[in-house]
Amino acid sequence: MSQTVLELKKVLVDFNGFKAINKLYFTVNSNSVHFVIGPNGAGKTTLLDVICGKTKATDGQITLQKQRELTKLREDQIVHQGISRKFQTPSIFQELTVLENLEVAMKQKKNLFSMIKAKWTNEQESRINEMLHLIGLYLAKDQPAGSLAHGQKQWLEIAMVLMQEPDIILLDEPIAGMSKKERNKTGELITKIAKNRAVLIVEHDMDFVKKYADIVSVMHEGQLLFEGTMEQVQSDPKVREVYLGRKVD
Ligand SMILES: Nc1ncnc2c1ncn2[C@@H]1O[C@H](COP(=O)(O)OP(=O)(O)OP(=O)(O)O)[C@@H](O)[C@H]1O
């Protein structure tokens, strides 16, 4: 059953008088693929930034699992609380193999060298293998990450984020620059990983949103304009007026 994992209450992000997020109320539920859409400048990226701590809220509360308040925490502390973000540009270690990248990402506080040399428990090893299968890179596990195709690099980074065992994963336009086949694989991957966590995704590609969304939030001028299934979103007059209208028709 789906439960609220993250709750934003009256969150304000004020950039020198410009309210990029304007007293926003927003909730994220577990076990769901939740897309955030909206016109350019609506505040979508800022929403992800304020959740992961990259940007500080000027006011309001962000609460994880109904108890942990996040607005005063640093980015690394927020990751530790269970929220991980994957940015648009992959930040994998190009020289390391696919397997080594996952080892580095494993939830342990060791330095890079000892990570690679470390002996893994059976449980850790099976977790890495499970991840390699999940992203379809098991056979490529000994290849340098730098030699992977664009889509594969993105999947590897999603797997690295998953190694931190987050309750919520934040993705910023995950299919940008991908082929149709890669998009489909990414959609399937997202559906799988949302089975036991929340996935919050900023996306502009409406076909992709339509195919994989459980819930869609439409942002406009730093606020929530509408929220519902993609069908409900597409038939809402306010949404059609400010955003979808021309595209849908
Ligand atoms: N650091 C900043 N300082 C000042 N203004 C900012 C800053 N970051 C974002 N903004 C402004 O806040 C508004 C919201 O930006 P944001 O990037 O969140 O929009 P978006 O919905 O993600 O847009 P897009 O779809 O174009 O990426 C924009 O008008 C942007 O110019």
# chains A, B, ... in the order shown; residues from 1 in each chain; ligands from 1
call {"tool": "select_by_dssp", "arguments": {"residues": "stretch 18-210 of chain A", "states": "helix (DSSP H, G or I)", "output": "PyMOL selection string"}}
result
chain A and resi 44-52+75-81+98-105+112-117+122-134+145-147+150-163+180-193+206-210
call {"tool": "residues_near_ligand", "arguments": {"ligand": "ligand 1", "cutoff": "7 Å", "atoms": "only C-alpha atoms and all ligand atoms", "output": "list in words"}}
result
Phe15, Phe18, Ala20, Gly38, Pro39, Asn40, Gly41, Ala42, Gly43, Lys44, Thr45, Thr46 and Leu47 of chain A
call {"tool": "write_last_selection", "arguments": {"atoms": "C-alpha atoms", "output": "PDB file, in the first residue's frame"}}
result
ATOM      1  CA  PHE A  15      15.780  34.231  -5.029  1.00  0.00           C
ATOM      2  CA  PHE A  18      11.650  36.132  -7.058  1.00  0.00           C
ATOM      3  CA  ALA A  20      10.721  30.197  -7.644  1.00  0.00           C
ATOM      4  CA  GLY A  38       5.014  22.217 -16.173  1.00  0.00           C
ATOM      5  CA  PRO A  39       6.142  25.060 -18.428  1.00  0.00           C
ATOM      6  CA  ASN A  40       9.718  26.363 -18.448  1.00  0.00           C
ATOM      7  CA  GLY A  41      10.517  28.273 -15.297  1.00  0.00           C
ATOM      8  CA  ALA A  42       7.623  26.687 -13.348  1.00  0.00           C
ATOM      9  CA  GLY A  43       9.974  25.670 -10.534  1.00  0.00           C
ATOM     10  CA  LYS A  44      10.361  21.941 -11.252  1.00  0.00           C
ATOM     11  CA  THR A  45      14.147  21.774 -10.923  1.00  0.00           C
ATOM     12  CA  THR A  46      14.047  24.087  -7.928  1.00  0.00           C
ATOM     13  CA  LEU A  47      11.605  21.634  -6.326  1.00  0.00           C
TER      14      LEU A  47
END
call {"tool": "residues_around", "arguments": {"residues": "A:Gln152", "least_positions_apart": "3", "cutoff": "9 Å", "atoms": "only C-alpha atoms", "output": "mmCIF file with N, CA and C atoms, in the first residue's frame"}}
result
data_model
loop_
_atom_site.group_PDB
_atom_site.id
_atom_site.type_symbol
_atom_site.label_atom_id
_atom_site.label_comp_id
_atom_site.auth_asym_id
_atom_site.auth_seq_id
_atom_site.Cartn_x
_atom_site.Cartn_y
_atom_site.Cartn_z
ATOM 1 N N ILE A 135 19.864 -3.504 -14.248
ATOM 2 C CA ILE A 135 20.136 -2.468 -15.260
ATOM 3 C C ILE A 135 20.641 -3.072 -16.582
ATOM 4 N N GLY A 136 20.653 -4.409 -16.645
ATOM 5 C CA GLY A 136 21.026 -5.085 -17.895
ATOM 6 C C GLY A 136 22.501 -4.952 -18.242
ATOM 7 N N LEU A 137 23.362 -4.779 -17.227
ATOM 8 C CA LEU A 137 24.792 -4.602 -17.512
ATOM 9 C C LEU A 137 25.657 -5.703 -16.896
ATOM 10 N N ALA A 145 33.475 2.093 -17.351
ATOM 11 C CA ALA A 145 32.187 2.789 -17.481
ATOM 12 C C ALA A 145 32.212 3.800 -18.624
ATOM 13 N N LEU A 148 30.758 2.782 -22.059
ATOM 14 C CA LEU A 148 29.338 2.437 -22.212
ATOM 15 C C LEU A 148 28.618 3.435 -23.123
ATOM 16 N N ALA A 149 27.478 2.983 -23.661
ATOM 17 C CA ALA A 149 26.626 3.881 -24.451
ATOM 18 C C ALA A 149 25.929 4.853 -23.496
ATOM 19 N N TRP A 155 21.790 4.311 -16.778
ATOM 20 C CA TRP A 155 21.275 3.205 -15.953
ATOM 21 C C TRP A 155 22.271 2.871 -14.846
ATOM 22 N N LEU A 156 23.574 2.939 -15.203
ATOM 23 C CA LEU A 156 24.588 2.671 -14.185
ATOM 24 C C LEU A 156 24.460 3.700 -13.060
ATOM 25 N N GLU A 157 24.241 4.936 -13.440
ATOM 26 C CA GLU A 157 24.136 5.944 -12.387
ATOM 27 C C GLU A 157 22.879 5.752 -11.542
ATOM 28 N N GLU A 182 16.167 2.905 -25.721
ATOM 29 C CA GLU A 182 16.714 3.233 -24.393
ATOM 30 C C GLU A 182 15.640 3.854 -23.494
#
call {"tool": "closest_residue", "arguments": {"among": "A:Phe35, A:Tyr243, A:Tyr138, A:Phe93", "to": "A:Ile215", "atoms": "only C-alpha atoms"}}
result
A:Phe35
call {"tool": "atom_distance", "arguments": {"atom1": "atom CA of A:Asn129", "atom2": "atom CA of A:Phe208"}}
result
28.2 Å
call {"tool": "residues_around", "arguments": {"residues": "A:Leu224", "least_positions_apart": "5", "cutoff": "8 Å", "atoms": "only C-alpha atoms", "output": "list in words"}}
result
Leu24, Tyr25, Phe26, Ser217, Val218 and Met219 of chain A
call {"tool": "residues_around", "arguments": {"residues": "A:Met163", "least_positions_apart": "2", "cutoff": "7 Å", "atoms": "only C-alpha atoms", "output": "PDB file with N, CA and C atoms, in the first residue's frame"}}
result
ATOM      1  N   ALA A 105      29.789   2.911  -4.913  1.00  0.00           N
ATOM      2  CA  ALA A 105      28.513   3.482  -4.476  1.00  0.00           C
ATOM      3  C   ALA A 105      27.899   2.735  -3.289  1.00  0.00           C
ATOM      4  N   MET A 106      28.438   1.555  -3.000  1.00  0.00           N
ATOM      5  CA  MET A 106      27.885   0.750  -1.901  1.00  0.00           C
ATOM      6  C   MET A 106      27.874   1.564  -0.614  1.00  0.00           C
ATOM      7  N   LYS A 107      26.811   1.363   0.131  1.00  0.00           N
ATOM      8  CA  LYS A 107      26.597   2.204   1.319  1.00  0.00           C
ATOM      9  C   LYS A 107      27.602   1.912   2.430  1.00  0.00           C
ATOM     10  N   ALA A 159      21.644   2.900 -10.884  1.00  0.00           N
ATOM     11  CA  ALA A 159      22.011   1.787  -9.991  1.00  0.00           C
ATOM     12  C   ALA A 159      22.894   2.280  -8.842  1.00  0.00           C
ATOM     13  N   MET A 160      23.793   3.223  -9.149  1.00  0.00           N
ATOM     14  CA  MET A 160      24.673   3.759  -8.091  1.00  0.00           C
ATOM     15  C   MET A 160      23.850   4.494  -7.037  1.00  0.00           C
ATOM     16  N   VAL A 161      22.852   5.212  -7.505  1.00  0.00           N
ATOM     17  CA  VAL A 161      21.962   5.902  -6.565  1.00  0.00           C
ATOM     18  C   VAL A 161      21.197   4.870  -5.727  1.00  0.00           C
ATOM     19  N   GLU A 165      20.388   2.770  -1.155  1.00  0.00           N
ATOM     20  CA  GLU A 165      19.113   2.311  -0.602  1.00  0.00           C
ATOM     21  C   GLU A 165      18.183   3.458  -0.190  1.00  0.00           C
TER      22      GLU A 165
END
call {"tool": "closest_atom_pairs", "arguments": {"of": "stretch 108-215 of chain A", "to": "stretch 63-66 of chain A", "cutoff": "12 Å", "atoms": "only C-alpha atoms", "output": "Markdown table"}}
result
| residue | atom | partner | partner_atom | distance |
| --- | --- | --- | --- | --- |
| A:Pro166 | CA | A:Leu64 | CA | 11.7 |
| A:Asp167 | CA | A:Gln65 | CA | 9.3 |
| A:Ile168 | CA | A:Leu64 | CA | 9.6 |
| A:Ala198 | CA | A:Gln65 | CA | 11.8 |
call {"tool": "write_last_selection", "arguments": {"atoms": "N, CA and C atoms", "output": "short mmCIF file (atom, residue, chain, number, x, y, z; two decimals), in the first residue's frame"}}
result
data_model
loop_
_atom_site.label_atom_id
_atom_site.label_comp_id
_atom_site.auth_asym_id
_atom_site.auth_seq_id
_atom_site.Cartn_x
_atom_site.Cartn_y
_atom_site.Cartn_z
N PRO A 166 17.92 4.36 -1.11
CA PRO A 166 17.06 5.49 -0.74
C PRO A 166 15.58 5.11 -0.66
N ASP A 167 14.84 5.88 0.14
CA ASP A 167 13.37 5.73 0.18
C ASP A 167 12.77 6.50 -0.99
N ILE A 168 13.49 7.56 -1.37
CA ILE A 168 13.02 8.40 -2.48
C ILE A 168 14.18 8.64 -3.43
N ALA A 198 9.73 5.53 -3.55
CA ALA A 198 9.10 6.57 -4.37
C ALA A 198 10.11 7.06 -5.40
#
call {"tool": "residues_around", "arguments": {"residues": "A:Ile158", "least_positions_apart": "4", "cutoff": "9 Å", "atoms": "only C-alpha atoms", "output": "PyMOL selection string"}}
result
chain A and resi 85-86+135+153-154+162-163+169+171
call {"tool": "select_by_dssp", "arguments": {"residues": "stretch 27-237 of chain A", "states": "strand (DSSP E or B)", "output": "PDB file with N, CA and C atoms, in the first residue's frame"}}
result
ATOM      1  N   THR A  27       3.114  16.408  -1.732  1.00  0.00           N
ATOM      2  CA  THR A  27       3.421  15.134  -1.063  1.00  0.00           C
ATOM      3  C   THR A  27       3.911  14.106  -2.074  1.00  0.00           C
ATOM      4  N   VAL A  28       4.766  13.233  -1.576  1.00  0.00           N
ATOM      5  CA  VAL A  28       5.285  12.143  -2.393  1.00  0.00           C
ATOM      6  C   VAL A  28       4.958  10.841  -1.665  1.00  0.00           C
ATOM      7  N   ASN A  29       4.377   9.885  -2.393  1.00  0.00           N
ATOM      8  CA  ASN A  29       4.012   8.604  -1.794  1.00  0.00           C
ATOM      9  C   ASN A  29       4.971   7.495  -2.191  1.00  0.00           C
ATOM     10  N   SER A  32       5.452   4.628  -5.898  1.00  0.00           N
ATOM     11  CA  SER A  32       4.807   5.301  -7.025  1.00  0.00           C
ATOM     12  C   SER A  32       5.823   6.002  -7.919  1.00  0.00           C
ATOM     13  N   VAL A  33       5.475   6.016  -9.203  1.00  0.00           N
ATOM     14  CA  VAL A  33       6.253   6.780 -10.179  1.00  0.00           C
ATOM     15  C   VAL A  33       5.526   8.116 -10.315  1.00  0.00           C
ATOM     16  N   HIS A  34       6.155   9.151  -9.782  1.00  0.00           N
ATOM     17  CA  HIS A  34       5.507  10.461  -9.664  1.00  0.00           C
ATOM     18  C   HIS A  34       6.246  11.465 -10.558  1.00  0.00           C
ATOM     19  N   PHE A  35       5.552  11.937 -11.573  1.00  0.00           N
ATOM     20  CA  PHE A  35       6.182  12.897 -12.485  1.00  0.00           C
ATOM     21  C   PHE A  35       5.799  14.332 -12.112  1.00  0.00           C
ATOM     22  N   VAL A  36       6.745  15.247 -12.335  1.00  0.00           N
ATOM     23  CA  VAL A  36       6.471  16.670 -12.185  1.00  0.00           C
ATOM     24  C   VAL A  36       6.654  17.298 -13.563  1.00  0.00           C
ATOM     25  N   ILE A  37       5.586  17.919 -14.052  1.00  0.00           N
ATOM     26  CA  ILE A  37       5.656  18.570 -15.358  1.00  0.00           C
ATOM     27  C   ILE A  37       5.261  20.045 -15.180  1.00  0.00           C
ATOM     28  N   ASP A  59      11.582  29.398   3.569  1.00  0.00           N
ATOM     29  CA  ASP A  59      10.589  29.194   4.627  1.00  0.00           C
ATOM     30  C   ASP A  59       9.863  27.867   4.360  1.00  0.00           C
ATOM     31  N   GLY A  60       9.134  27.399   5.365  1.00  0.00           N
ATOM     32  CA  GLY A  60       8.332  26.177   5.211  1.00  0.00           C
ATOM     33  C   GLY A  60       9.034  24.941   5.740  1.00  0.00           C
ATOM     34  N   GLN A  61       8.314  23.817   5.689  1.00  0.00           N
ATOM     35  CA  GLN A  61       8.876  22.550   6.202  1.00  0.00           C
ATOM     36  C   GLN A  61       8.870  21.450   5.144  1.00  0.00           C
ATOM     37  N   ILE A  62       9.906  20.635   5.206  1.00  0.00           N
ATOM     38  CA  ILE A  62       9.955  19.425   4.383  1.00  0.00           C
ATOM     39  C   ILE A  62      10.174  18.265   5.349  1.00  0.00           C
ATOM     40  N   THR A  63       9.201  17.373   5.401  1.00  0.00           N
ATOM     41  CA  THR A  63       9.258  16.305   6.396  1.00  0.00           C
ATOM     42  C   THR A  63       9.308  14.938   5.734  1.00  0.00           C
ATOM     43  N   LEU A  64      10.283  14.139   6.179  1.00  0.00           N
ATOM     44  CA  LEU A  64      10.437  12.788   5.653  1.00  0.00           C
ATOM     45  C   LEU A  64       9.847  11.800   6.652  1.00  0.00           C
ATOM     46  N   ARG A  68      11.100  13.407  10.192  1.00  0.00           N
ATOM     47  CA  ARG A  68      12.399  14.064  10.056  1.00  0.00           C
ATOM     48  C   ARG A  68      12.300  15.334   9.219  1.00  0.00           C
ATOM     49  N   GLU A  69      12.647  16.462   9.811  1.00  0.00           N
ATOM     50  CA  GLU A  69      12.578  17.748   9.124  1.00  0.00           C
ATOM     51  C   GLU A  69      13.896  17.971   8.378  1.00  0.00           C
ATOM     52  N   ILE A  83      17.172  10.176   0.829  1.00  0.00           N
ATOM     53  CA  ILE A  83      16.736  10.816  -0.423  1.00  0.00           C
ATOM     54  C   ILE A  83      17.959  10.969  -1.330  1.00  0.00           C
ATOM     55  N   SER A  84      17.934  10.336  -2.491  1.00  0.00           N
ATOM     56  CA  SER A  84      19.093  10.420  -3.391  1.00  0.00           C
ATOM     57  C   SER A  84      18.672  10.982  -4.734  1.00  0.00           C
ATOM     58  N   ARG A  85      19.551  11.748  -5.305  1.00  0.00           N
ATOM     59  CA  ARG A  85      19.233  12.420  -6.564  1.00  0.00           C
ATOM     60  C   ARG A  85      20.197  12.014  -7.665  1.00  0.00           C
ATOM     61  N   LYS A  86      19.633  11.819  -8.844  1.00  0.00           N
ATOM     62  CA  LYS A  86      20.480  11.606 -10.011  1.00  0.00           C
ATOM     63  C   LYS A  86      20.309  12.819 -10.911  1.00  0.00           C
ATOM     64  N   THR A  97      35.581   0.192 -13.772  1.00  0.00           N
ATOM     65  CA  THR A  97      34.643  -0.695 -14.456  1.00  0.00           C
ATOM     66  C   THR A  97      33.241  -0.457 -13.901  1.00  0.00           C
ATOM     67  N   PRO A 144      35.185  -0.679 -18.734  1.00  0.00           N
ATOM     68  CA  PRO A 144      35.255   0.659 -18.125  1.00  0.00           C
ATOM     69  C   PRO A 144      33.939   1.394 -18.372  1.00  0.00           C
ATOM     70  N   ILE A 168      13.490   7.563  -1.366  1.00  0.00           N
ATOM     71  CA  ILE A 168      13.020   8.402  -2.478  1.00  0.00           C
ATOM     72  C   ILE A 168      14.179   8.639  -3.433  1.00  0.00           C
ATOM     73  N   ILE A 169      13.910   8.468  -4.708  1.00  0.00           N
ATOM     74  CA  ILE A 169      14.940   8.765  -5.699  1.00  0.00           C
ATOM     75  C   ILE A 169      14.419   9.899  -6.594  1.00  0.00           C
ATOM     76  N   LEU A 170      15.269  10.895  -6.784  1.00  0.00           N
ATOM     77  CA  LEU A 170      14.882  12.064  -7.576  1.00  0.00           C
ATOM     78  C   LEU A 170      15.617  12.016  -8.912  1.00  0.00           C
ATOM     79  N   LEU A 171      14.875  12.119 -10.008  1.00  0.00           N
ATOM     80  CA  LEU A 171      15.494  12.052 -11.333  1.00  0.00           C
ATOM     81  C   LEU A 171      15.133  13.292 -12.134  1.00  0.00           C
ATOM     82  N   ASP A 172      16.162  13.854 -12.771  1.00  0.00           N
ATOM     83  CA  ASP A 172      15.964  15.057 -13.559  1.00  0.00           C
ATOM     84  C   ASP A 172      16.076  14.702 -15.041  1.00  0.00           C
ATOM     85  N   ALA A 198       9.732   5.531  -3.547  1.00  0.00           N
ATOM     86  CA  ALA A 198       9.103   6.568  -4.368  1.00  0.00           C
ATOM     87  C   ALA A 198      10.110   7.061  -5.397  1.00  0.00           C
ATOM     88  N   VAL A 199       9.635   7.319  -6.602  1.00  0.00           N
ATOM     89  CA  VAL A 199      10.498   7.890  -7.634  1.00  0.00           C
ATOM     90  C   VAL A 199       9.841   9.189  -8.115  1.00  0.00           C
ATOM     91  N   LEU A 200      10.546  10.287  -7.917  1.00  0.00           N
ATOM     92  CA  LEU A 200      10.020  11.603  -8.317  1.00  0.00           C
ATOM     93  C   LEU A 200      10.840  12.102  -9.505  1.00  0.00           C
ATOM     94  N   ILE A 201      10.153  12.359 -10.611  1.00  0.00           N
ATOM     95  CA  ILE A 201      10.862  12.641 -11.867  1.00  0.00           C
ATOM     96  C   ILE A 201      10.386  13.937 -12.521  1.00  0.00           C
ATOM     97  N   VAL A 202      11.323  14.827 -12.826  1.00  0.00           N
ATOM     98  CA  VAL A 202      11.001  16.000 -13.636  1.00  0.00           C
ATOM     99  C   VAL A 202      11.171  15.596 -15.092  1.00  0.00           C
ATOM    100  N   ILE A 215       1.299   9.018 -10.914  1.00  0.00           N
ATOM    101  CA  ILE A 215       0.721  10.309 -10.555  1.00  0.00           C
ATOM    102  C   ILE A 215       1.523  11.431 -11.226  1.00  0.00           C
ATOM    103  N   VAL A 216       0.823  12.473 -11.630  1.00  0.00           N
ATOM    104  CA  VAL A 216       1.471  13.606 -12.311  1.00  0.00           C
ATOM    105  C   VAL A 216       1.108  14.904 -11.584  1.00  0.00           C
ATOM    106  N   SER A 217       2.133  15.676 -11.230  1.00  0.00           N
ATOM    107  CA  SER A 217       1.899  16.992 -10.635  1.00  0.00           C
ATOM    108  C   SER A 217       2.263  18.039 -11.677  1.00  0.00           C
ATOM    109  N   VAL A 218       1.384  18.991 -11.852  1.00  0.00           N
ATOM    110  CA  VAL A 218       1.669  20.065 -12.800  1.00  0.00           C
ATOM    111  C   VAL A 218       2.021  21.313 -12.007  1.00  0.00           C
ATOM    112  N   MET A 219       3.222  21.832 -12.247  1.00  0.00           N
ATOM    113  CA  MET A 219       3.633  23.055 -11.548  1.00  0.00           C
ATOM    114  C   MET A 219       3.485  24.261 -12.463  1.00  0.00           C
ATOM    115  N   HIS A 220       3.196  25.377 -11.825  1.00  0.00           N
ATOM    116  CA  HIS A 220       3.083  26.635 -12.561  1.00  0.00           C
ATOM    117  C   HIS A 220       3.404  27.769 -11.590  1.00  0.00           C
ATOM    118  N   GLN A 223       3.975  26.931  -7.912  1.00  0.00           N
ATOM    119  CA  GLN A 223       2.896  26.298  -7.146  1.00  0.00           C
ATOM    120  C   GLN A 223       2.365  25.083  -7.890  1.00  0.00           C
ATOM    121  N   LEU A 224       1.555  24.325  -7.151  1.00  0.00           N
ATOM    122  CA  LEU A 224       0.948  23.146  -7.761  1.00  0.00           C
ATOM    123  C   LEU A 224      -0.348  23.575  -8.445  1.00  0.00           C
ATOM    124  N   LEU A 225      -0.383  23.405  -9.762  1.00  0.00           N
ATOM    125  CA  LEU A 225      -1.575  23.803 -10.506  1.00  0.00           C
ATOM    126  C   LEU A 225      -2.618  22.697 -10.492  1.00  0.00           C
ATOM    127  N   PHE A 226      -2.139  21.449 -10.607  1.00  0.00           N
ATOM    128  CA  PHE A 226      -3.059  20.305 -10.656  1.00  0.00           C
ATOM    129  C   PHE A 226      -2.271  19.041 -10.349  1.00  0.00           C
ATOM    130  N   GLU A 227      -2.994  18.051  -9.846  1.00  0.00           N
ATOM    131  CA  GLU A 227      -2.347  16.762  -9.597  1.00  0.00           C
ATOM    132  C   GLU A 227      -3.349  15.643  -9.851  1.00  0.00           C
ATOM    133  N   GLY A 228      -2.896  14.578 -10.484  1.00  0.00           N
ATOM    134  CA  GLY A 228      -3.802  13.454 -10.749  1.00  0.00           C
ATOM    135  C   GLY A 228      -3.142  12.474 -11.698  1.00  0.00           C
TER     136      GLY A 228
END
call {"tool": "closest_residue", "arguments": {"among": "A:Lys19, A:His204, A:Lys210, A:Lys192", "to": "A:Met131", "atoms": "only C-alpha atoms"}}
result
A:Lys192
call {"tool": "atom_distance", "arguments": {"atom1": "atom CA of A:Phe87", "atom2": "atom CA of A:Ile175"}}
result
11.5 Å
call {"tool": "atom_distance", "arguments": {"atom1": "atom CA of A:Glu75", "atom2": "atom CA of A:Asn196"}}
result
22.9 Å
call {"tool": "decode", "arguments": {"residues": "stretch 142-172 of chain A", "atoms": "C-alpha atoms", "output": "PDB file, in the first residue's frame"}}
result
ATOM      1  CA  ASP A 142      34.202  -5.581 -16.331  1.00  0.00           C
ATOM      2  CA  GLN A 143      34.083  -2.854 -18.984  1.00  0.00           C
ATOM      3  CA  PRO A 144      35.255   0.659 -18.125  1.00  0.00           C
ATOM      4  CA  ALA A 145      32.187   2.789 -17.481  1.00  0.00           C
ATOM      5  CA  GLY A 146      33.530   5.354 -19.934  1.00  0.00           C
ATOM      6  CA  SER A 147      33.075   2.874 -22.794  1.00  0.00           C
ATOM      7  CA  LEU A 148      29.338   2.437 -22.212  1.00  0.00           C
ATOM      8  CA  ALA A 149      26.626   3.881 -24.451  1.00  0.00           C
ATOM      9  CA  HIS A 150      24.765   6.982 -23.226  1.00  0.00           C
ATOM     10  CA  GLY A 151      21.727   5.052 -21.984  1.00  0.00           C
ATOM     11  CA  GLN A 152      23.871   2.460 -20.203  1.00  0.00           C
ATOM     12  CA  LYS A 153      25.741   5.222 -18.369  1.00  0.00           C
ATOM     13  CA  GLN A 154      22.438   6.637 -17.173  1.00  0.00           C
ATOM     14  CA  TRP A 155      21.275   3.205 -15.953  1.00  0.00           C
ATOM     15  CA  LEU A 156      24.588   2.671 -14.185  1.00  0.00           C
ATOM     16  CA  GLU A 157      24.136   5.944 -12.387  1.00  0.00           C
ATOM     17  CA  ILE A 158      20.589   5.031 -11.405  1.00  0.00           C
ATOM     18  CA  ALA A 159      22.011   1.787  -9.991  1.00  0.00           C
ATOM     19  CA  MET A 160      24.673   3.759  -8.091  1.00  0.00           C
ATOM     20  CA  VAL A 161      21.962   5.902  -6.565  1.00  0.00           C
ATOM     21  CA  LEU A 162      20.025   2.741  -5.671  1.00  0.00           C
ATOM     22  CA  MET A 163      23.064   1.291  -3.894  1.00  0.00           C
ATOM     23  CA  GLN A 164      22.483   3.995  -1.258  1.00  0.00           C
ATOM     24  CA  GLU A 165      19.113   2.311  -0.602  1.00  0.00           C
ATOM     25  CA  PRO A 166      17.056   5.495  -0.745  1.00  0.00           C
ATOM     26  CA  ASP A 167      13.374   5.727   0.175  1.00  0.00           C
ATOM     27  CA  ILE A 168      13.020   8.402  -2.478  1.00  0.00           C
ATOM     28  CA  ILE A 169      14.940   8.765  -5.699  1.00  0.00           C
ATOM     29  CA  LEU A 170      14.882  12.064  -7.576  1.00  0.00           C
ATOM     30  CA  LEU A 171      15.494  12.052 -11.333  1.00  0.00           C
ATOM     31  CA  ASP A 172      15.964  15.057 -13.559  1.00  0.00           C
TER      32      ASP A 172
END
